[in-house]
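Text of protein31.pdb, listed as PDB, C-alpha atoms, pLDDT in the B column:
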```pdb
ATOM      1  CA  VAL A   1      -0.301   3.595  12.530  1.00 63.00           C
ATOM      2  CA  HIS A   2       2.922   5.303  11.392  1.00 61.00           C
ATOM      3  CA  GLY A   3       1.735   8.879  11.699  1.00 68.00           C
ATOM      4  CA  LEU A   4      -1.519   8.631   9.758  1.00 80.00           C
ATOM      5  CA  SER A   5      -4.170  11.208  10.500  1.00 82.00           C
ATOM      6  CA  PRO A   6      -7.347   9.931  12.173  1.00 82.00           C
ATOM      7  CA  ARG A   7      -9.284  10.868   9.022  1.00 85.00           C
ATOM      8  CA  VAL A   8      -7.087   8.618   6.863  1.00 86.00           C
ATOM      9  CA  LEU A   9      -7.069   5.821   9.460  1.00 83.00           C
ATOM     10  CA  ASP A  10     -10.867   5.791   9.633  1.00 87.00           C
ATOM     11  CA  GLY A  11     -10.987   5.125   5.897  1.00 90.00           C
ATOM     12  CA  LEU A  12      -8.745   2.045   6.034  1.00 93.00           C
ATOM     13  CA  ASN A  13      -9.780  -1.491   6.906  1.00 95.00           C
ATOM     14  CA  GLU A  14      -7.579  -3.859   8.946  1.00 95.00           C
ATOM     15  CA  ASP A  15      -5.827  -5.391   5.909  1.00 96.00           C
ATOM     16  CA  GLU A  16      -5.061  -1.920   4.562  1.00 95.00           C
ATOM     17  CA  LYS A  17      -3.689  -0.776   7.938  1.00 93.00           C
ATOM     18  CA  LYS A  18      -1.484  -3.865   8.256  1.00 95.00           C
ATOM     19  CA  SER A  19      -0.297  -3.436   4.679  1.00 96.00           C
ATOM     20  CA  TRP A  20       0.548   0.214   5.385  1.00 93.00           C
ATOM     21  CA  GLN A  21       2.591  -0.816   8.447  1.00 92.00           C
ATOM     22  CA  PHE A  22       4.600  -3.160   6.204  1.00 95.00           C
ATOM     23  CA  ILE A  23       5.005  -0.622   3.390  1.00 94.00           C
ATOM     24  CA  ALA A  24       5.725   2.458   5.535  1.00 90.00           C
ATOM     25  CA  GLY A  25       9.034   1.038   6.721  1.00 87.00           C
ATOM     26  CA  ARG A  26      10.351   0.871   3.152  1.00 91.00           C
ATOM     27  CA  GLU A  27      11.066   3.268   0.314  1.00 89.00           C
ATOM     28  CA  SER A  28       8.907   1.302  -2.109  1.00 93.00           C
ATOM     29  CA  VAL A  29       7.089  -1.997  -2.545  1.00 97.00           C
ATOM     30  CA  THR A  30       5.936  -4.143  -5.458  1.00 97.00           C
ATOM     31  CA  SER A  31       2.644  -5.962  -5.684  1.00 96.00           C
ATOM     32  CA  PRO A  32       4.371  -9.400  -5.480  1.00 97.00           C
ATOM     33  CA  GLN A  33       6.235  -8.310  -2.318  1.00 97.00           C
ATOM     34  CA  LEU A  34       2.942  -7.276  -0.709  1.00 98.00           C
ATOM     35  CA  MET A  35       1.266 -10.503  -1.825  1.00 98.00           C
ATOM     36  CA  LYS A  36       4.052 -12.636  -0.348  1.00 97.00           C
ATOM     37  CA  HIS A  37       4.297 -10.726   2.946  1.00 97.00           C
ATOM     38  CA  MET A  38       0.554 -10.418   3.575  1.00 98.00           C
ATOM     39  CA  GLY A  39      -0.613 -13.674   1.979  1.00 98.00           C
ATOM     40  CA  PHE A  40      -2.898 -11.808  -0.439  1.00 98.00           C
ATOM     41  CA  ASP A  41      -3.887 -12.963  -3.900  1.00 97.00           C
ATOM     42  CA  GLU A  42      -3.114 -10.591  -6.770  1.00 95.00           C
ATOM     43  CA  ARG A  43      -6.559  -8.963  -6.855  1.00 97.00           C
ATOM     44  CA  LYS A  44      -6.522  -8.221  -3.129  1.00 98.00           C
ATOM     45  CA  ALA A  45      -3.003  -6.785  -3.290  1.00 97.00           C
ATOM     46  CA  GLN A  46      -4.043  -4.513  -6.171  1.00 96.00           C
ATOM     47  CA  ARG A  47      -7.169  -3.406  -4.300  1.00 97.00           C
ATOM     48  CA  VAL A  48      -5.149  -2.537  -1.168  1.00 97.00           C
ATOM     49  CA  LEU A  49      -2.483  -0.682  -3.189  1.00 97.00           C
ATOM     50  CA  LYS A  50      -5.180   1.294  -5.030  1.00 97.00           C
ATOM     51  CA  LYS A  51      -6.831   2.265  -1.724  1.00 96.00           C
ATOM     52  CA  LEU A  52      -3.489   3.456  -0.327  1.00 95.00           C
ATOM     53  CA  ARG A  53      -2.838   5.395  -3.556  1.00 96.00           C
ATOM     54  CA  ASP A  54      -6.300   6.973  -3.393  1.00 95.00           C
ATOM     55  CA  ALA A  55      -5.496   8.035   0.186  1.00 93.00           C
ATOM     56  CA  LYS A  56      -2.359   9.764  -1.208  1.00 92.00           C
ATOM     57  CA  LEU A  57      -0.058   7.499   0.825  1.00 93.00           C
ATOM     58  CA  LEU A  58       1.570   5.843  -2.188  1.00 95.00           C
ATOM     59  CA  ARG A  59       2.663   6.936  -5.653  1.00 96.00           C
ATOM     60  CA  ARG A  60       2.830   4.468  -8.544  1.00 96.00           C
ATOM     61  CA  VAL A  61       6.137   4.377 -10.427  1.00 96.00           C
ATOM     62  CA  GLY A  62       6.666   2.481 -13.671  1.00 95.00           C
ATOM     63  CA  LYS A  63       4.394   0.263 -15.701  1.00 93.00           C
ATOM     64  CA  GLY A  64       3.762  -3.433 -16.158  1.00 90.00           C
ATOM     65  CA  PRO A  65       5.921  -5.956 -14.298  1.00 88.00           C
ATOM     66  CA  SER A  66       8.354  -3.264 -13.129  1.00 92.00           C
ATOM     67  CA  THR A  67       5.642  -1.229 -11.368  1.00 96.00           C
ATOM     68  CA  ARG A  68       6.438  -0.307  -7.796  1.00 97.00           C
ATOM     69  CA  TYR A  69       4.735   1.887  -5.242  1.00 97.00           C
ATOM     70  CA  GLU A  70       6.701   4.561  -3.402  1.00 96.00           C
ATOM     71  CA  VAL A  71       5.729   5.952  -0.025  1.00 93.00           C
ATOM     72  CA  VAL A  72       4.732   9.615  -0.309  1.00 91.00           C
ATOM     73  CA  ARG A  73       6.709  11.507   2.327  1.00 79.00           C
ATOM     74  CA  SER A  74       5.171  14.820   3.314  1.00 68.00           C
TER      75      SER A  74
END
```

Taking this structure as input, can you express it in the form of C-alpha cells?
Amino acid sequence: VHGLSPRVLDGLNEDEKKSWQFIAGRESVTSPQLMKHMGFDERKAQRVLKKLRDAKLLRRVGKGPSTRYEVVRS
C-alpha cells in the first residue's frame, strides 16, 4: 500500500489502508473530503485520521473548520 513498511501496514485495519490509498495520492485532505470519499461518518473519519497521524503518515495543519491533513513525505 503506497510504500508503507510492513510494520506500519500490520497496525492498520482495512478502512485505514483504503483511506491511506485515497490520501497518499494527494498533497493534503480534509475530514469532509475523507468522509465523502469513503462514506464515513465524522467520528469514523476522525478516528482514521488520528490513527494515520499516530503512525506518522499525516501531519495536521490548521485548526477548526480549516484543518487539513498533509501527507508526510520522507

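Once the PyMOL selection byres ((chain A and resi 15) around 12) is applied to this file, the selection holds Leu9, Gly11, Leu12, Asn13, Glu14, Glu16, Lys17, Lys18, Ser19, Trp20, Gln21, Phe22, Leu34, Met35, His37, Met38, Gly39, Phe40, Lys44, Ala45, Arg47, Val48, Leu49, Lys51 and Leu52 of chain A.
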
Quiz prompt | Residues returned when the PyMOL selection byres ((chain A and resi 27-29) around 10) runs on this file, as a PyMOL selection string | solution = chain A and resi 22-26+30-34+49+58-61+67-73

Exercise. Enter the distance from atom CA of A:Leu4 to atom CA of A:Gln46, in Å, rounded to one decimal.
Key: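 Atom CA of A:Gln46 lies 20.8 Å from atom CA of A:Leu4.
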
Quiz prompt | Atom pair atom CA of A:Asp10 / atom CA of A:Asp41: separation (Å) | solution = 24.2 Å
